[in-house]
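**Q** Right, I'll just put the structure down here and ask away after.
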Amino acid sequence: MSIPDPLALIRDALDESARVKLALRGQAPGVLRMADAVADAFRAGNRLYACGNGGSACDAMHLVEELVARYKRERPGLPAHHLIDGPTLTCWANDYDWDSVFQRQVEAMVRPGDVLVALSTSGNSTNVIRAVEAAEARGAVTLGLLGRDGGRLAGLCTHALVVPAQATERIQEAHITVIHLLCELVERALFFPEAEA
């Protein structure tokens with residue numbers, strides 16, 4: 001078995017990552033709609049929640065920490081929570097099932113007007129789908145950061161952004177870029193509107 005050239009592997013991965021991100025330019029209006037939805041929710045006194053599995057769980061946590069702490073500038077914290085609390089997840093999964101671990105938390109905490117950000121590289125994660133369905137039933141706005149063909153979540157979310165890639169790692173890299181854009185747009189809209197002029 002031949003070992004591929006590591007330099008070629010690096011260059012190919014960087015080229016593909018750049019191609020995926022450039023392909024997102026056409027979805028800029030969708031990113032702005034998502035940011036406006038989040039900013040509107042915060043203005044109205046609502047909260048943001050986020051969930052996902054594996055690397056998408058880490059991305060959900062990343063989004064939340066940028067909103068609660070800060071993204072680029074000093075400003076008040078924003079009420080954001082991830083649904084990745086280990087004891088809660090393992091308690092519910094052990095006593096009931098994994099498919100409803102996020103749904104249960106949505107039912108306990110999400111209120112009308114809140115935002116749920118659902119991250120799934122396939123768009124078909126059952127526990128994320130059930131969380132979105134529960135959030136929609138409660139009158140929340142649902143934002144999907146998805147990949148591949150968007151899966152079932154593309155048709156369930158209020159707003160969905162589907163990264164045009166098949167490889168999980170490329171999708172996750174694009175999700176982080178979109179997360180950073182959402183944070184910047186929300187921060188500017190709520191606290192630094194002069195930066196938008």
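Starting from 1 in every chain, residues are counted up; chains themselves are A, B, ... following the order of the structure tokens, and ligands are numbered from 1 as listed.
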Hey, what's within 10 Å of Leu161 of chain A if we count only C-alpha atoms and toss same-chain stuff fewer than 4 positions away? As number ranges by chain, please?

**A** A: 24, 27-28, 30-31, 34, 119, 143-147, 150, 154, 157, 175, 178

**Q** Based on the selection just made, write C-alpha atoms of those residues as a PDB file, in the first residue's frame.

**A**
```pdb
ATOM      1  CA  LEU A  24     -20.892  29.712   0.697  1.00  0.00           C
ATOM      2  CA  GLN A  27     -25.624  31.886   0.764  1.00  0.00           C
ATOM      3  CA  ALA A  28     -24.640  35.227   2.323  1.00  0.00           C
ATOM      4  CA  GLY A  30     -29.220  33.273   4.329  1.00  0.00           C
ATOM      5  CA  VAL A  31     -26.473  33.943   6.870  1.00  0.00           C
ATOM      6  CA  MET A  34     -30.125  33.879  10.504  1.00  0.00           C
ATOM      7  CA  LEU A 119     -26.030  21.543  13.938  1.00  0.00           C
ATOM      8  CA  LEU A 143     -31.785  27.571  12.542  1.00  0.00           C
ATOM      9  CA  GLY A 144     -30.112  24.600  10.871  1.00  0.00           C
ATOM     10  CA  LEU A 145     -26.394  24.502  10.110  1.00  0.00           C
ATOM     11  CA  LEU A 146     -26.267  21.440   7.896  1.00  0.00           C
ATOM     12  CA  GLY A 147     -24.244  19.676   5.214  1.00  0.00           C
ATOM     13  CA  GLY A 150     -29.414  19.020   4.207  1.00  0.00           C
ATOM     14  CA  ALA A 154     -33.402  21.211   5.830  1.00  0.00           C
ATOM     15  CA  CYS A 157     -35.910  24.404  10.243  1.00  0.00           C
ATOM     16  CA  HIS A 175     -19.959  25.744  10.154  1.00  0.00           C
ATOM     17  CA  VAL A 178     -20.740  30.720   9.681  1.00  0.00           C
TER      18      VAL A 178
END
```

**Q** According to DSSP computed on the backbone, where in chain A is there strand (DSSP E)? Give the residues as a list in words.

**A**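 Restricting chain A to strand (DSSP E) produces Leu48, Tyr49, Ala50, Cys51, Ala80, His81, His82, Val115, Leu116, Val117, Ala118, Leu119, Ser120, Val141, Thr142, Leu143, Gly144, Leu145, Leu146, Gly147, His159, Ala160, Leu161, Val162 and Val163 of chain A.
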
**Q** Save out the residues we just selected, N, CA and C atoms, as a CSV table (one decimal), in the first residue's frame.

**A**
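Written output follows (out-v7.csv):
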```csv
chain,number,residue,atom,x,y,z
A,48,LEU,N,-31.1,31.9,23.2
A,48,LEU,CA,-30.6,31.0,22.2
A,48,LEU,C,-30.2,29.7,22.8
A,49,TYR,N,-30.5,28.6,22.2
A,49,TYR,CA,-30.1,27.3,22.6
A,49,TYR,C,-29.4,26.7,21.4
A,50,ALA,N,-28.5,25.7,21.6
A,50,ALA,CA,-27.8,25.1,20.5
A,50,ALA,C,-27.5,23.6,20.8
A,51,CYS,N,-27.6,22.8,19.8
A,51,CYS,CA,-27.3,21.4,20.0
A,51,CYS,C,-26.7,20.7,18.8
A,80,ALA,N,-27.3,32.7,26.1
A,80,ALA,CA,-27.2,31.5,25.2
A,80,ALA,C,-26.8,30.3,26.0
A,81,HIS,N,-27.3,29.2,25.6
A,81,HIS,CA,-27.1,27.9,26.3
A,81,HIS,C,-26.9,26.8,25.3
A,82,HIS,N,-26.0,25.9,25.6
A,82,HIS,CA,-25.9,24.7,24.8
A,82,HIS,C,-26.6,23.5,25.5
A,115,VAL,N,-34.6,30.9,20.2
A,115,VAL,CA,-33.9,30.4,19.0
A,115,VAL,C,-33.2,29.1,19.3
A,116,LEU,N,-33.4,28.1,18.5
A,116,LEU,CA,-32.6,26.8,18.6
A,116,LEU,C,-31.8,26.7,17.4
A,117,VAL,N,-30.5,26.6,17.6
A,117,VAL,CA,-29.5,26.4,16.5
A,117,VAL,C,-29.2,24.9,16.5
A,118,ALA,N,-29.5,24.2,15.4
A,118,ALA,CA,-29.4,22.8,15.3
A,118,ALA,C,-28.2,22.5,14.3
A,119,LEU,N,-27.2,21.8,14.8
A,119,LEU,CA,-26.0,21.5,13.9
A,119,LEU,C,-26.0,20.1,13.6
A,120,SER,N,-25.9,19.7,12.3
A,120,SER,CA,-25.8,18.3,11.9
A,120,SER,C,-25.2,18.3,10.5
A,141,VAL,N,-37.9,29.8,17.0
A,141,VAL,CA,-37.2,29.9,15.6
A,141,VAL,C,-36.1,28.9,15.6
A,142,THR,N,-36.1,28.1,14.5
A,142,THR,CA,-35.0,27.1,14.4
A,142,THR,C,-34.1,27.4,13.3
A,143,LEU,N,-32.8,27.3,13.5
A,143,LEU,CA,-31.8,27.6,12.5
A,143,LEU,C,-31.0,26.3,12.4
A,144,GLY,N,-30.9,25.8,11.1
A,144,GLY,CA,-30.1,24.6,10.9
A,144,GLY,C,-28.8,24.9,10.2
A,145,LEU,N,-27.7,24.5,10.8
A,145,LEU,CA,-26.4,24.5,10.1
A,145,LEU,C,-26.1,23.1,9.7
A,146,LEU,N,-26.2,22.8,8.4
A,146,LEU,CA,-26.3,21.4,7.9
A,146,LEU,C,-25.2,21.2,6.8
A,147,GLY,N,-25.2,20.0,6.3
A,147,GLY,CA,-24.2,19.7,5.2
A,147,GLY,C,-24.9,18.7,4.3
A,159,HIS,N,-35.0,28.5,9.2
A,159,HIS,CA,-33.9,28.9,8.3
A,159,HIS,C,-32.8,27.8,8.3
A,160,ALA,N,-32.4,27.3,7.1
A,160,ALA,CA,-31.4,26.3,7.0
A,160,ALA,C,-30.3,26.7,6.1
A,161,LEU,N,-29.1,26.5,6.5
A,161,LEU,CA,-27.9,26.7,5.6
A,161,LEU,C,-27.2,25.4,5.4
A,162,VAL,N,-27.2,25.0,4.2
A,162,VAL,CA,-26.6,23.7,3.8
A,162,VAL,C,-25.2,23.9,3.2
A,163,VAL,N,-24.2,23.4,3.8
A,163,VAL,CA,-22.8,23.6,3.3
A,163,VAL,C,-22.7,22.6,2.1
```

**Q** If you run DSSP on this backbone, which residues of segment 31-148 of chain A come out as alpha helix (DSSP H), and could you give them as a ChimeraX atom specification?

**A** /A:31-43,55-68,86-95,101-109,126-137

**Q** Find the residues of segment 14-95 of chain A that sit at most 12 Å from segment 124-131 of chain A; for each, write down the nearest two atoms and how far apart they are in Å, to one decimal. Count only C-alpha atoms. Sort by chain, then by number going up, and give it as a tab-separated table.

**A**
```
residue	atom	partner	partner_atom	distance
A:Tyr49	CA	A:Ala131	CA	10.5
A:Ala50	CA	A:Val128	CA	9.8
A:Cys51	CA	A:Val128	CA	7.0
A:Gly52	CA	A:Val128	CA	6.4
A:Asn53	CA	A:Ser125	CA	8.0
A:Gly54	CA	A:Ser125	CA	11.0
A:Ser56	CA	A:Val128	CA	10.6
A:Ala57	CA	A:Val128	CA	10.6
A:Ala60	CA	A:Val128	CA	11.8
A:Leu83	CA	A:Ala131	CA	10.0
A:Ile84	CA	A:Val128	CA	11.8
A:Leu89	CA	A:Asn127	CA	11.2
A:Ala93	CA	A:Asn127	CA	10.8
```

**Q** So how many Å separate atom CA of Val68 of chain A and atom CA of Arg33 of chain A, to one decimal?

**A** 20.9 Å

**Q** Considering only C-alpha atoms, return as a list in words whatever protein or nucleic-acid residues lie within 9 Å of Arg170 of chain A, sequence-local ones (same chain, fewer than 2 positions apart) excluded.

**A**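 Non-adjacent residues within range: Ala13, Glu16, Ser17, Val20, Lys21, Val163, Ala165, Gln166, Ala167, Thr168, Gln172, Glu173, Ala174 and His175 of chain A.
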
**Q** So what do you get for atom CA of Asp36 of chain A versus atom CA of Val186 of chain A, distance-wise?

**A** 7.2 Å

**Q** A:Pro87, A:Pro79, A:Pro6, A:Pro193: which is nearest Asp114 of chain A, counting only C-alpha atoms?

**A**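 Result for the nearest residue to Asp114 of chain A: A:Pro79.
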
**Q** Would you kindly return, as a PyMOL selection string, each protein, DNA or RNA residue with an atom no farther than 9 Å from any atom of Ala134 of chain A, considering only C-alpha atoms and excluding same-chain residues fewer than 3 positions away?

**A** chain A and resi 103-104+106-107+110+129-131+137-140

**Q** For atom CA of Thr121 of chain A and atom CA of Met61 of chain A, determine how far apart the two atoms are, in Å to one decimal place.

**A**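 According to the coordinates, atom CA of Thr121 of chain A and atom CA of Met61 of chain A are separated by 15.7 Å.
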